[in-house]
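This report refers to the structure that appears directly beneath it.
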Amino acid sequence: MGKRREARELALKFLYQTEFNSENPNLELDSFFVRLNTAKEVKNFTQALIKKFLMHQKEVDELLKKISSNWTQDRMAVIDRNILRLGVSELLFDSTTPPKVVINEAIEIAKKFGTDESPDFINGVLDKIFKDSKVVT
């Protein structure tokens with residue numbers, strides 16, 4: 001597994017964990033990283049992904065609410081919601097990774113952690129956001 005994929009999976013695990021156990025995810029970051037036994041490069045990218053989402057959480061969640069009008073965030077599986085949150089954050093607020101790579105990574109992570117329907121759902125939502133935002137590759 002590549003370092004960036006590992007970082008995305010760790011970011012997903014952090015967001016999943018904080019859905020249930022934290023009122024302030026920023027305070028949980030340090031203890032999360034202390035427990036990681038991984039390369040510094042992976043930790044750095046994981047932290048960048050998490051911080052980017054936390055900085056733009058309101059915008060990301062509003063966009064997801066708008067795009068997935070038939071699926072309120074409460075109805076989404078926790079894993080799917082957090083894969084989407086990370087994907088949207090990376091698509092819109094990080095120009096270092098091509099959008100198609102971001103979408104493909106999210107789909108692959110959904111295959112590993114989500115349900116059988118997760119990859120198609122993730123692909124549909126992120127593809128719509130990509131097209132609507134006119135992000136260029």
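Here's how to read the names in the structure tokens: chain A, B, ... by the order shown, residue numbers from 1 in each chain, ligand numbers from 1 in the order shown.
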For A:Asp127, work out the shell of residues within 10 Å, counting only C-alpha atoms and skipping chain neighbours fewer than 4 positions away, then give it as a PDB file with N, CA, C and O atoms, in the first residue's frame.
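Below is the file selection-v7.pdb, written as the result:
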ATOM      1  N   PRO A  99      -7.635  15.519  -9.094  1.00  0.00           N
ATOM      2  CA  PRO A  99      -8.986  15.134  -8.663  1.00  0.00           C
ATOM      3  C   PRO A  99      -9.352  13.680  -8.962  1.00  0.00           C
ATOM      4  O   PRO A  99      -9.960  13.023  -8.129  1.00  0.00           O
ATOM      5  N   LYS A 100      -8.966  13.188 -10.117  1.00  0.00           N
ATOM      6  CA  LYS A 100      -9.317  11.800 -10.449  1.00  0.00           C
ATOM      7  C   LYS A 100      -8.614  10.807  -9.524  1.00  0.00           C
ATOM      8  O   LYS A 100      -9.158   9.751  -9.211  1.00  0.00           O
ATOM      9  N   ILE A 103     -10.611  10.869  -6.212  1.00  0.00           N
ATOM     10  CA  ILE A 103     -11.843  10.084  -6.341  1.00  0.00           C
ATOM     11  C   ILE A 103     -11.531   8.596  -6.343  1.00  0.00           C
ATOM     12  O   ILE A 103     -12.186   7.816  -5.639  1.00  0.00           O
ATOM     13  N   PHE A 121     -21.684   4.715  -4.402  1.00  0.00           N
ATOM     14  CA  PHE A 121     -22.211   5.911  -3.750  1.00  0.00           C
ATOM     15  C   PHE A 121     -21.130   6.989  -3.653  1.00  0.00           C
ATOM     16  O   PHE A 121     -21.345   8.147  -4.028  1.00  0.00           O
ATOM     17  N   ILE A 122     -19.955   6.619  -3.187  1.00  0.00           N
ATOM     18  CA  ILE A 122     -18.825   7.546  -3.053  1.00  0.00           C
ATOM     19  C   ILE A 122     -18.458   8.108  -4.416  1.00  0.00           C
ATOM     20  O   ILE A 122     -18.267   9.321  -4.579  1.00  0.00           O
ATOM     21  N   ASN A 123     -18.370   7.247  -5.414  1.00  0.00           N
ATOM     22  CA  ASN A 123     -18.025   7.678  -6.759  1.00  0.00           C
ATOM     23  C   ASN A 123     -19.040   8.695  -7.288  1.00  0.00           C
ATOM     24  O   ASN A 123     -18.666   9.742  -7.821  1.00  0.00           O
ATOM     25  N   LYS A 131     -17.370  17.625 -10.951  1.00  0.00           N
ATOM     26  CA  LYS A 131     -17.920  18.266 -12.153  1.00  0.00           C
ATOM     27  C   LYS A 131     -18.515  19.626 -11.836  1.00  0.00           C
ATOM     28  O   LYS A 131     -18.322  20.581 -12.586  1.00  0.00           O
ATOM     29  N   ASP A 132     -19.220  19.731 -10.720  1.00  0.00           N
ATOM     30  CA  ASP A 132     -19.850  20.999 -10.350  1.00  0.00           C
ATOM     31  C   ASP A 132     -18.841  22.071  -9.948  1.00  0.00           C
ATOM     32  O   ASP A 132     -19.082  23.254 -10.128  1.00  0.00           O
ATOM     33  N   SER A 133     -17.715  21.644  -9.416  1.00  0.00           N
ATOM     34  CA  SER A 133     -16.722  22.617  -8.946  1.00  0.00           C
ATOM     35  C   SER A 133     -15.781  23.058 -10.066  1.00  0.00           C
ATOM     36  O   SER A 133     -14.988  23.967  -9.876  1.00  0.00           O
TER      37      SER A 133
END
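Of the residues listed (A:Lys111, A:Leu29, A:Val78, A:Arg8), A:Arg8 shows the shortest atom-to-atom separation from A:Glu90; distances use only C-alpha atoms.
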Query raised in the report: Excluding same-chain residues fewer than 3 positions from A:Thr96, what lies within 12 Å of it counting only C-alpha atoms, as a ChimeraX atom specification?
Result: /A:4,45,48-49,90-93,99-102,136-137
Report task. Tell me, as a list of chain:residue names, which residues lie within 10 Å of A:Lys43, counting only C-alpha atoms; anything in the same chain fewer than 6 positions away does not count. Result ->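 In the requested format, the answer is A:Lys3, A:Arg4, A:Glu6, A:Ala7, A:Leu10, A:Ala11, A:Phe33, A:Val34, A:Leu36, A:Asn37, A:Leu49.
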Requested in this report: Just the residues within 9 Å of A:Ile79, please, counting only C-alpha atoms, with nothing from its chain fewer than 5 positions along; format it as a ChimeraX atom specification.
Outcome: /A:12-13,15-16,84,110,113-114,118
Generate the output file for the selected residues, all heavy atoms, as a PDB file, in the first residue's frame.
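This went into again.pdb:
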ATOM      1  N   LEU A  12      -9.239   8.518   7.881  1.00  0.00           N
ATOM      2  CA  LEU A  12     -10.585   7.963   7.984  1.00  0.00           C
ATOM      3  C   LEU A  12     -10.804   7.358   9.363  1.00  0.00           C
ATOM      4  O   LEU A  12     -11.840   7.587  10.000  1.00  0.00           O
ATOM      5  CB  LEU A  12     -10.830   6.912   6.898  1.00  0.00           C
ATOM      6  CG  LEU A  12     -12.143   6.141   6.996  1.00  0.00           C
ATOM      7  CD1 LEU A  12     -13.336   7.066   6.816  1.00  0.00           C
ATOM      8  CD2 LEU A  12     -12.163   5.015   5.970  1.00  0.00           C
ATOM      9  N   LYS A  13      -9.854   6.610   9.848  1.00  0.00           N
ATOM     10  CA  LYS A  13      -9.971   5.996  11.172  1.00  0.00           C
ATOM     11  C   LYS A  13     -10.091   7.063  12.258  1.00  0.00           C
ATOM     12  O   LYS A  13     -10.874   6.916  13.201  1.00  0.00           O
ATOM     13  CB  LYS A  13      -8.768   5.077  11.446  1.00  0.00           C
ATOM     14  CG  LYS A  13      -8.801   3.824  10.592  1.00  0.00           C
ATOM     15  CD  LYS A  13      -7.552   2.990  10.771  1.00  0.00           C
ATOM     16  CE  LYS A  13      -7.572   1.779   9.860  1.00  0.00           C
ATOM     17  NZ  LYS A  13      -6.370   0.946   9.991  1.00  0.00           N
ATOM     18  N   LEU A  15     -11.322  10.166  11.897  1.00  0.00           N
ATOM     19  CA  LEU A  15     -12.652  10.785  11.822  1.00  0.00           C
ATOM     20  C   LEU A  15     -13.725   9.839  12.333  1.00  0.00           C
ATOM     21  O   LEU A  15     -14.662  10.261  13.011  1.00  0.00           O
ATOM     22  CB  LEU A  15     -12.964  11.227  10.386  1.00  0.00           C
ATOM     23  CG  LEU A  15     -12.129  12.377   9.845  1.00  0.00           C
ATOM     24  CD1 LEU A  15     -12.599  12.761   8.450  1.00  0.00           C
ATOM     25  CD2 LEU A  15     -12.152  13.576  10.772  1.00  0.00           C
ATOM     26  N   TYR A  16     -13.583   8.557  12.031  1.00  0.00           N
ATOM     27  CA  TYR A  16     -14.533   7.563  12.526  1.00  0.00           C
ATOM     28  C   TYR A  16     -14.513   7.546  14.056  1.00  0.00           C
ATOM     29  O   TYR A  16     -15.555   7.577  14.704  1.00  0.00           O
ATOM     30  CB  TYR A  16     -14.181   6.187  11.960  1.00  0.00           C
ATOM     31  CG  TYR A  16     -15.141   5.108  12.366  1.00  0.00           C
ATOM     32  CD1 TYR A  16     -16.300   4.878  11.631  1.00  0.00           C
ATOM     33  CD2 TYR A  16     -14.905   4.312  13.485  1.00  0.00           C
ATOM     34  CE1 TYR A  16     -17.197   3.890  11.996  1.00  0.00           C
ATOM     35  CE2 TYR A  16     -15.796   3.321  13.850  1.00  0.00           C
ATOM     36  CZ  TYR A  16     -16.933   3.113  13.113  1.00  0.00           C
ATOM     37  OH  TYR A  16     -17.824   2.136  13.481  1.00  0.00           O
ATOM     38  N   LEU A  84     -16.355  10.538   2.270  1.00  0.00           N
ATOM     39  CA  LEU A  84     -16.780  11.689   1.470  1.00  0.00           C
ATOM     40  C   LEU A  84     -16.198  12.986   2.018  1.00  0.00           C
ATOM     41  O   LEU A  84     -15.741  13.842   1.252  1.00  0.00           O
ATOM     42  CB  LEU A  84     -18.307  11.777   1.426  1.00  0.00           C
ATOM     43  CG  LEU A  84     -18.990  10.755   0.537  1.00  0.00           C
ATOM     44  CD1 LEU A  84     -20.501  10.774   0.764  1.00  0.00           C
ATOM     45  CD2 LEU A  84     -18.663  11.012  -0.927  1.00  0.00           C
ATOM     46  N   ALA A 110     -13.344   2.930   0.102  1.00  0.00           N
ATOM     47  CA  ALA A 110     -14.727   2.489   0.315  1.00  0.00           C
ATOM     48  C   ALA A 110     -14.867   0.987   0.080  1.00  0.00           C
ATOM     49  O   ALA A 110     -15.624   0.319   0.781  1.00  0.00           O
ATOM     50  CB  ALA A 110     -15.672   3.264  -0.604  1.00  0.00           C
ATOM     51  N   PHE A 113     -13.382  -0.539   3.403  1.00  0.00           N
ATOM     52  CA  PHE A 113     -14.011  -0.271   4.691  1.00  0.00           C
ATOM     53  C   PHE A 113     -15.531  -0.169   4.646  1.00  0.00           C
ATOM     54  O   PHE A 113     -16.168  -0.250   5.694  1.00  0.00           O
ATOM     55  CB  PHE A 113     -13.448   1.024   5.300  1.00  0.00           C
ATOM     56  CG  PHE A 113     -12.015   0.934   5.691  1.00  0.00           C
ATOM     57  CD1 PHE A 113     -11.034   1.495   4.888  1.00  0.00           C
ATOM     58  CD2 PHE A 113     -11.634   0.291   6.845  1.00  0.00           C
ATOM     59  CE1 PHE A 113      -9.695   1.415   5.245  1.00  0.00           C
ATOM     60  CE2 PHE A 113     -10.298   0.202   7.220  1.00  0.00           C
ATOM     61  CZ  PHE A 113      -9.327   0.766   6.407  1.00  0.00           C
ATOM     62  N   GLY A 114     -16.091   0.046   3.469  1.00  0.00           N
ATOM     63  CA  GLY A 114     -17.531   0.270   3.366  1.00  0.00           C
ATOM     64  C   GLY A 114     -18.312  -0.992   3.042  1.00  0.00           C
ATOM     65  O   GLY A 114     -17.804  -2.113   3.136  1.00  0.00           O
ATOM     66  N   SER A 118     -21.073   1.058  -1.099  1.00  0.00           N
ATOM     67  CA  SER A 118     -20.272   2.252  -0.791  1.00  0.00           C
ATOM     68  C   SER A 118     -19.463   2.789  -1.977  1.00  0.00           C
ATOM     69  O   SER A 118     -19.490   3.997  -2.237  1.00  0.00           O
ATOM     70  CB  SER A 118     -19.335   1.984   0.387  1.00  0.00           C
ATOM     71  OG  SER A 118     -20.065   1.764   1.561  1.00  0.00           O
TER      72      SER A 118
END
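Remark: for A:Asn26, the closest of the candidate residues A:Asn82, A:Ser68, A:Gln47, A:Ser89 is A:Gln47 (distances computed over only C-alpha atoms).
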Query raised in the report: Of the residues A:Met1, A:Ile83, A:Val125, A:Leu64, which is the one nearest to A:Phe14, using only C-alpha atoms?
Result: A:Ile83
**Report entry** Minimum-distance residue to A:Lys65, chosen among A:Leu27, A:Arg5, A:Ile129, A:Pro119 (using only C-alpha atoms)
**Finding:** A:Ile129
Query raised in the report: atom CA of A:Arg81 and atom CA of A:Phe53, how far apart in Å?
Result: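 Computing it gives 12.4 Å between the two atoms.
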Report task. Please indicate the distance in Å from atom CA of A:Gln57 to atom CA of A:Asn21, rounded to one decimal place. Result ->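 If I compute the distance from atom CA of A:Gln57 to atom CA of A:Asn21, I get 17.4 Å.
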**Report entry** Test item, alpha helix (DSSP H) assignment across stretch 55-130 of chain A, answer as an MDAnalysis selection string
**Finding:** chainID A and resid 55 57:67 78:93 99:113 118:130
